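Presented below is the structure to which this report refers.
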Amino acid sequence: MAITPETQRWDRLFAARTRGDVGEGIAAVLAFLGMPNLISFAGGFPDPRTFPRERAAALLEEFAAAGESTAFQYAPTRGLAGPLDALASRLEVLQGRRPADDELLITSGAIEALELVCKSFLDRGDLVVVEGPTYLGAIMAFRGFEAEVVAVPMDDHGLEVDELERRLGDGLRPKLLYAIPDHQNPAGVSLSRERRVLLVELARRHGFLIVEDVAYRELGFEDDAAPSLWSLAPDVVVQAGTTSKTFFPGVRLGWAVGPAEVSAQLVSAKQNTDQCAGALGQRLFEEYVRRGWIDEQLAQSRSLYRRKSERMLAALERWMPAGTRWTFPKGGFFSWLTLPAGGDANDLARRAVERGVAIVPGSLFFPDGRGVDNVRLSFSLVDEAVIDDGIERLASLVLS
Ligand SMILES: Cc1ncc(COP(=O)(O)O)c(C=O)c1O
């Protein structure tokens, strides 16, 4: 952005924490993404075909006909009793542990759960360990609270927990460790069972809190989910969850569940963010869960995303030049591509847009400039019919 007297004026007034840098090159690439007719592997949005339009409309009519006021009124900060109960039962079924009433709260999306954790735990300069790569929104949230963000590498089995242990042994002292153990964004891999057990032990031994983001947990292609970190160690884990990928993001609804003292602190922080998550979304979600509709929708979503993932992986196999590697997701929305030696993903992203294809360069997902030769490919939103064409176009640019 050009420096003018106007921008200087605002820069003097903006808070110091707003000065975090996303990188001009990346901002330039992202600016293209709104272009029409792009074959987009960029955004991590759910496919609108999964949206429950008719059922949502029917429920609204029911609420109105029944003279219900709860759905239209302010809600308690922790959440409405009915939706909290429905969510607790769901966590019990899906994760094998029912949270106590004072452990769970409903948030305005997972991103708000992260914001509340930041607000409750982070002072300027505090250390947060993340997976490298990790979710951009989380890096931004931690940076927004002026934390120092350090990435520990991942491999095909998730975070390299032995490397984390080594660094802790060398004196690394994080307050928080943020992880996305299932179908990670952006890497598309999951943390192995063995590493989950080791990770929670490290948290206990070294006294940090694990922030577990389960955004894609329910979107596995098979029924073989490993135990959640929260179910393994509810004493050292706060879990942030979302209904954005399993219900629909228009309601902005998620949860946080953790030790009672932590949960109380998050509720207190929420009082002066949005005071409460929208009651309408809470009630819609409650009915969805109680009537079993969420499970029907999930089954359809999982098979849709599985099909799209298979198409994209087959296209990668067919078109990508030798030396290109990618991950094989077993759920979620993403595969993570590594370009042949010397590859520059920022440059590739710019040239891809000119050929009508959108991707996100990997450096966006690291706090430290790594990921120059990586690309995040999302298969969730792209039209199935153009996946092959899009990957062929992208592949033709990789070595040129
Ligand atoms: C890992 C991860 N966490 C959280 C979110 C945001 O969730 P919500 O829509 O509930 O704020 C996303 C969305 O892209 C995500 O990928």
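Quick note on naming: the chains in the structure tokens go A, B, ... in the order shown, residues restart at 1 in each chain, and ligands are numbered from 1 in order of appearance.
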Nearby residues (only C-alpha atoms) at most 9 Å from Glu148 of chain A, same-chain spacing under 2 positions excluded, as a JSON list (two decimals) with C-alpha atoms, in the first residue's frame:
```
[["chain", "number", "residue", "atom", "x", "y", "z"],
["A", 124, "ARG", "CA", 2.64, -9.56, 24.97],
["A", 125, "GLY", "CA", 5.66, -11.72, 24.17],
["A", 126, "ASP", "CA", 4.17, -14.98, 25.47],
["A", 127, "LEU", "CA", 5.14, -18.05, 23.49],
["A", 128, "VAL", "CA", 2.67, -20.13, 21.48],
["A", 129, "VAL", "CA", 3.81, -23.30, 19.73],
["A", 142, "PHE", "CA", -2.09, -15.27, 18.39],
["A", 143, "ARG", "CA", -0.24, -12.41, 16.68],
["A", 146, "GLU", "CA", 1.31, -9.91, 20.40],
["A", 150, "VAL", "CA", 6.95, -20.75, 16.97]]
```
- Excluding Ala279 of chain A and residues on its chain fewer than 3 positions from it, collect all residues at most 9 Å away from it, counting only C-alpha atoms, and give them as a ChimeraX atom specification. /A:70-75,79-80,276,282-284
List all protein, DNA and RNA residues that have any atom at most 10 Å from ligand 1, counting only C-alpha atoms and all ligand atoms, and write the list as a short mmCIF file (atom, residue, chain, number, x, y, z; two decimals) with C-alpha atoms, in the first residue's frame.
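Output saved as selection-v1.cif:
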```cif
data_model
loop_
_atom_site.label_atom_id
_atom_site.label_comp_id
_atom_site.auth_asym_id
_atom_site.auth_seq_id
_atom_site.Cartn_x
_atom_site.Cartn_y
_atom_site.Cartn_z
CA GLY A 43 -10.76 -21.19 -0.16
CA GLY A 44 -11.52 -23.61 2.65
CA PHE A 45 -15.28 -23.10 2.40
CA PRO A 46 -17.87 -25.89 2.61
CA THR A 107 -19.11 -19.65 20.95
CA SER A 108 -19.59 -17.66 17.78
CA GLY A 109 -17.51 -20.10 15.74
CA ALA A 110 -14.18 -21.76 16.52
CA ILE A 111 -12.38 -18.55 15.69
CA GLU A 112 -14.12 -16.87 18.60
CA ALA A 113 -13.14 -19.76 20.86
CA LEU A 114 -9.51 -19.11 19.85
CA GLU A 115 -9.95 -15.38 20.45
CA THR A 134 -0.94 -24.33 10.57
CA TYR A 135 -4.26 -22.50 10.16
CA LEU A 136 -3.67 -18.89 9.14
CA GLY A 137 -6.58 -17.64 11.29
CA ALA A 138 -4.87 -19.04 14.39
CA ALA A 179 -2.84 -28.23 17.25
CA ILE A 180 -5.34 -29.45 14.66
CA PRO A 181 -4.99 -33.20 15.16
CA ASP A 182 -7.60 -34.35 12.62
CA HIS A 183 -7.35 -33.75 8.84
CA GLN A 184 -5.24 -30.70 9.47
CA ASN A 185 -5.58 -27.34 7.75
CA PRO A 186 -3.52 -26.96 5.61
CA GLU A 212 -7.08 -28.52 20.24
CA ASP A 213 -8.91 -27.33 17.12
CA VAL A 214 -11.28 -30.04 15.85
CA ALA A 215 -12.68 -28.12 12.84
CA TYR A 216 -12.48 -31.16 10.50
CA ARG A 217 -12.72 -34.02 13.00
CA ALA A 240 -12.24 -25.39 20.07
CA GLY A 241 -14.94 -26.79 17.81
CA THR A 242 -17.11 -25.50 15.01
CA THR A 243 -20.38 -26.34 13.28
CA SER A 244 -19.25 -24.42 10.18
CA LYS A 245 -18.20 -27.49 8.21
CA PHE A 248 -23.39 -24.30 7.93
CA PRO A 249 -21.12 -21.33 8.60
CA GLY A 250 -23.90 -18.76 8.25
CA VAL A 251 -24.86 -19.39 11.88
CA ARG A 252 -21.28 -18.77 13.17
CA LEU A 253 -21.55 -21.39 15.88
CA GLY A 254 -18.87 -23.32 17.72
CA TRP A 255 -17.79 -24.41 21.18
CA GLY A 332 -11.29 -32.68 5.76
CA PHE A 333 -10.77 -30.26 2.88
CA PHE A 334 -7.06 -30.14 1.99
#
```
- Message: For the structure I just gave you, how does DSSP split segment 78-302 of chain A - specifically, which residues are strand (DSSP E or B)? Reply as a PyMOL selection string.
- Response: chain A and resi 104-107+127-132+148-155+158-159+176-179+209-213+220+237-242+254-257
- Message: Need the shell around segment 225-230 of chain A: protein/DNA/RNA residues with any atom at most 12 Å away, counting only C-alpha atoms. Skip same-chain ones fewer than 5 positions apart. Format as an NGL selection string?
- Response: :A and (91-92 or 94-99 or 103-104 or 157 or 177-183 or 190-201 or 203 or 209-220 or 235-241 or 256-259 or 330-331)
Per residue of segment 224-331 of chain A within 10 Å of segment 367-391 of chain A, note the shortest atom pair and the distance in Å to one decimal, counting only C-alpha atoms, and order the rows by chain and increasing residue number, as a Markdown table.
```
| residue | atom | partner | partner_atom | distance |
| --- | --- | --- | --- | --- |
| A:Lys245 | CA | A:Ser380 | CA | 9.9 |
| A:Ser301 | CA | A:Ser380 | CA | 9.8 |
| A:Leu304 | CA | A:Ser380 | CA | 8.7 |
| A:Tyr305 | CA | A:Ser380 | CA | 6.2 |
| A:Arg306 | CA | A:Phe379 | CA | 9.4 |
| A:Arg307 | CA | A:Glu384 | CA | 8.5 |
| A:Lys308 | CA | A:Phe379 | CA | 6.0 |
| A:Ser309 | CA | A:Phe379 | CA | 6.0 |
| A:Glu310 | CA | A:Phe379 | CA | 9.4 |
| A:Arg311 | CA | A:Ile387 | CA | 6.9 |
| A:Met312 | CA | A:Ile387 | CA | 6.1 |
| A:Leu313 | CA | A:Ile391 | CA | 9.5 |
| A:Ala314 | CA | A:Asp388 | CA | 8.3 |
| A:Ala315 | CA | A:Asp388 | CA | 5.3 |
| A:Leu316 | CA | A:Ile391 | CA | 6.4 |
| A:Glu317 | CA | A:Ile391 | CA | 9.8 |
| A:Arg318 | CA | A:Asp388 | CA | 9.0 |
| A:Trp319 | CA | A:Ile391 | CA | 7.0 |
| A:Met320 | CA | A:Ile391 | CA | 7.9 |
| A:Thr324 | CA | A:Asn374 | CA | 9.9 |
| A:Arg325 | CA | A:Asn374 | CA | 9.5 |
| A:Trp326 | CA | A:Val375 | CA | 9.2 |
```
Let's have the selection written as a JSON list (two decimals), in the first residue's frame, with N, CA, C and O atoms.
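Ended up saving to result_30.json:
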```
[["chain", "number", "residue", "atom", "x", "y", "z"],
["A", 245, "LYS", "N", -18.45, -26.54, 9.30],
["A", 245, "LYS", "CA", -18.20, -27.49, 8.21],
["A", 245, "LYS", "C", -19.20, -28.65, 8.24],
["A", 245, "LYS", "O", -19.25, -29.44, 7.31],
["A", 301, "SER", "N", -22.16, -35.24, 3.47],
["A", 301, "SER", "CA", -20.98, -34.37, 3.32],
["A", 301, "SER", "C", -19.72, -35.21, 3.21],
["A", 301, "SER", "O", -18.86, -34.94, 2.37],
["A", 304, "LEU", "N", -19.45, -36.76, -0.19],
["A", 304, "LEU", "CA", -19.17, -35.73, -1.21],
["A", 304, "LEU", "C", -17.69, -35.32, -1.19],
["A", 304, "LEU", "O", -17.02, -35.30, -2.22],
["A", 305, "TYR", "N", -17.19, -35.03, 0.01],
["A", 305, "TYR", "CA", -15.80, -34.56, 0.10],
["A", 305, "TYR", "C", -14.81, -35.70, -0.23],
["A", 305, "TYR", "O", -13.75, -35.46, -0.78],
["A", 306, "ARG", "N", -15.21, -36.88, 0.10],
["A", 306, "ARG", "CA", -14.34, -38.02, -0.23],
["A", 306, "ARG", "C", -14.20, -38.15, -1.75],
["A", 306, "ARG", "O", -13.10, -38.34, -2.27],
["A", 307, "ARG", "N", -15.33, -38.02, -2.44],
["A", 307, "ARG", "CA", -15.32, -38.13, -3.90],
["A", 307, "ARG", "C", -14.45, -37.02, -4.51],
["A", 307, "ARG", "O", -13.64, -37.25, -5.40],
["A", 308, "LYS", "N", -14.63, -35.81, -4.00],
["A", 308, "LYS", "CA", -13.85, -34.69, -4.53],
["A", 308, "LYS", "C", -12.35, -34.90, -4.28],
["A", 308, "LYS", "O", -11.52, -34.61, -5.13],
["A", 309, "SER", "N", -12.04, -35.37, -3.07],
["A", 309, "SER", "CA", -10.64, -35.62, -2.73],
["A", 309, "SER", "C", -10.04, -36.66, -3.67],
["A", 309, "SER", "O", -8.94, -36.48, -4.21],
["A", 310, "GLU", "N", -10.80, -37.74, -3.91],
["A", 310, "GLU", "CA", -10.29, -38.80, -4.79],
["A", 310, "GLU", "C", -10.04, -38.26, -6.20],
["A", 310, "GLU", "O", -9.04, -38.59, -6.83],
["A", 311, "ARG", "N", -10.96, -37.41, -6.66],
["A", 311, "ARG", "CA", -10.77, -36.82, -8.00],
["A", 311, "ARG", "C", -9.51, -35.99, -8.07],
["A", 311, "ARG", "O", -8.77, -36.02, -9.04],
["A", 312, "MET", "N", -9.31, -35.20, -7.02],
["A", 312, "MET", "CA", -8.15, -34.32, -7.05],
["A", 312, "MET", "C", -6.86, -35.12, -6.95],
["A", 312, "MET", "O", -5.89, -34.85, -7.68],
["A", 313, "LEU", "N", -6.86, -36.15, -6.11],
["A", 313, "LEU", "CA", -5.65, -36.96, -5.97],
["A", 313, "LEU", "C", -5.34, -37.70, -7.28],
["A", 313, "LEU", "O", -4.18, -37.80, -7.69],
["A", 314, "ALA", "N", -6.39, -38.17, -7.95],
["A", 314, "ALA", "CA", -6.19, -38.86, -9.23],
["A", 314, "ALA", "C", -5.63, -37.89, -10.26],
["A", 314, "ALA", "O", -4.72, -38.23, -11.04],
["A", 315, "ALA", "N", -6.13, -36.66, -10.25],
["A", 315, "ALA", "CA", -5.63, -35.66, -11.21],
["A", 315, "ALA", "C", -4.17, -35.30, -10.91],
["A", 315, "ALA", "O", -3.36, -35.14, -11.83],
["A", 316, "LEU", "N", -3.84, -35.21, -9.63],
["A", 316, "LEU", "CA", -2.45, -34.90, -9.27],
["A", 316, "LEU", "C", -1.54, -36.01, -9.79],
["A", 316, "LEU", "O", -0.48, -35.75, -10.36],
["A", 317, "GLU", "N", -1.98, -37.24, -9.58],
["A", 317, "GLU", "CA", -1.22, -38.40, -10.03],
["A", 317, "GLU", "C", -1.02, -38.35, -11.55],
["A", 317, "GLU", "O", 0.07, -38.62, -12.07],
["A", 318, "ARG", "N", -2.07, -37.97, -12.24],
["A", 318, "ARG", "CA", -2.04, -37.97, -13.72],
["A", 318, "ARG", "C", -1.16, -36.85, -14.26],
["A", 318, "ARG", "O", -0.41, -37.04, -15.21],
["A", 319, "TRP", "N", -1.22, -35.65, -13.66],
["A", 319, "TRP", "CA", -0.64, -34.48, -14.32],
["A", 319, "TRP", "C", 0.63, -33.93, -13.70],
["A", 319, "TRP", "O", 1.40, -33.26, -14.39],
["A", 320, "MET", "N", 0.85, -34.13, -12.42],
["A", 320, "MET", "CA", 1.97, -33.44, -11.79],
["A", 320, "MET", "C", 3.31, -34.01, -12.23],
["A", 320, "MET", "O", 3.46, -35.23, -12.33],
["A", 324, "THR", "N", 7.21, -33.73, -7.66],
["A", 324, "THR", "CA", 6.17, -33.06, -6.89],
["A", 324, "THR", "C", 5.59, -34.08, -5.91],
["A", 324, "THR", "O", 5.33, -35.22, -6.29],
["A", 325, "ARG", "N", 5.39, -33.65, -4.66],
["A", 325, "ARG", "CA", 4.79, -34.55, -3.67],
["A", 325, "ARG", "C", 3.55, -33.92, -3.08],
["A", 325, "ARG", "O", 3.39, -32.70, -3.12],
["A", 326, "TRP", "N", 2.65, -34.75, -2.56],
["A", 326, "TRP", "CA", 1.46, -34.21, -1.91],
["A", 326, "TRP", "C", 0.98, -35.19, -0.84],
["A", 326, "TRP", "O", 1.39, -36.35, -0.83]]
```
- Hey, what does DSSP flag as helix (DSSP H, G or I) within segment 83-180 of chain A? Can you give it to me as number ranges by chain? A: 83-95, 110-121, 136-144, 161-169
- Message: With only C-alpha atoms as the counted atoms, please give the residues lying no more than 12 Å from Arg19 of chain A, apart from itself and same-chain residues fewer than 6 positions off, as a PyMOL selection string.
- Response: chain A and resi 10-13+140+143-146
- Item | Nearest to Leu84 of chain A by atom-to-atom distance, counting only C-alpha atoms, from A:Ala15, A:Ala58, A:Ala277, A:Ala151 |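 When distances to Leu84 of chain A are compared using only C-alpha atoms, the smallest one comes from A:Ala277.
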- For segment 34-38 of chain A, work out the shell of residues within 8 Å, counting only C-alpha atoms and skipping chain neighbours fewer than 6 positions away, then give it as a PyMOL selection string. chain A and resi 353+356-358
- So which residues touch Gly169 of chain A within 12 Å, counting only C-alpha atoms, skipping near sequence neighbours fewer than 4 positions away, as an MDAnalysis selection string? chainID A and resid 162:165 173 202 205:206
Take the residues that were just selected and, keeping N, CA and C atoms, output them as a short mmCIF file (atom, residue, chain, number, x, y, z; two decimals), in the first residue's frame.
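The resulting again39.cif:
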```cif
data_model
loop_
_atom_site.label_atom_id
_atom_site.label_comp_id
_atom_site.auth_asym_id
_atom_site.auth_seq_id
_atom_site.Cartn_x
_atom_site.Cartn_y
_atom_site.Cartn_z
N ASP A 162 8.39 -35.79 19.02
CA ASP A 162 9.74 -35.98 19.58
C ASP A 162 10.59 -34.72 19.41
N GLU A 163 10.38 -34.02 18.29
CA GLU A 163 11.09 -32.74 18.08
C GLU A 163 10.62 -31.70 19.11
N LEU A 164 9.30 -31.69 19.37
CA LEU A 164 8.78 -30.78 20.40
C LEU A 164 9.42 -31.10 21.75
N GLU A 165 9.50 -32.39 22.06
CA GLU A 165 10.09 -32.80 23.34
C GLU A 165 11.54 -32.33 23.44
N ARG A 173 9.61 -22.66 26.39
CA ARG A 173 8.58 -22.58 27.44
C ARG A 173 7.28 -21.98 26.92
N LEU A 202 3.41 -34.52 27.57
CA LEU A 202 4.34 -33.38 27.57
C LEU A 202 3.67 -32.14 28.18
N ARG A 205 3.68 -32.55 31.86
CA ARG A 205 5.02 -32.46 32.45
C ARG A 205 5.54 -31.02 32.43
N HIS A 206 5.24 -30.29 31.32
CA HIS A 206 5.84 -28.96 31.17
C HIS A 206 4.87 -27.83 31.50
#
```
- Query: atom CA of Ala395 of chain A and atom CA of Ile39 of chain A, how far apart in Å?
  - Reply: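 About the pair atom CA of Ile39 of chain A and atom CA of Ala395 of chain A: they are 13.6 Å apart.
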- Message: Could you list, as a list in words, every residue within 8 Å of Asp102 of chain A, counting only C-alpha atoms and ignoring same-chain residues fewer than 4 positions away?
- Response: Ala260, Ser263 and Ala264 of chain A
- Please indicate the distance in Å from atom CA of Pro83 of chain A to atom CA of Leu298 of chain A, rounded to one decimal place. 18.4 Å
- Query: For the atom pair atom CA of Trp336 of chain A and atom CA of Ala322 of chain A, what is the interatomic distance in Å to one decimal place?
  - Reply: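 Atom-to-atom, atom CA of Trp336 of chain A and atom CA of Ala322 of chain A are spaced 15.9 Å apart.
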- Considering only C-alpha atoms, state which residue in the set A:Val398, A:Ala352, A:Ala299, A:Ala100 is at the smallest distance from Pro340 of chain A. A:Val398
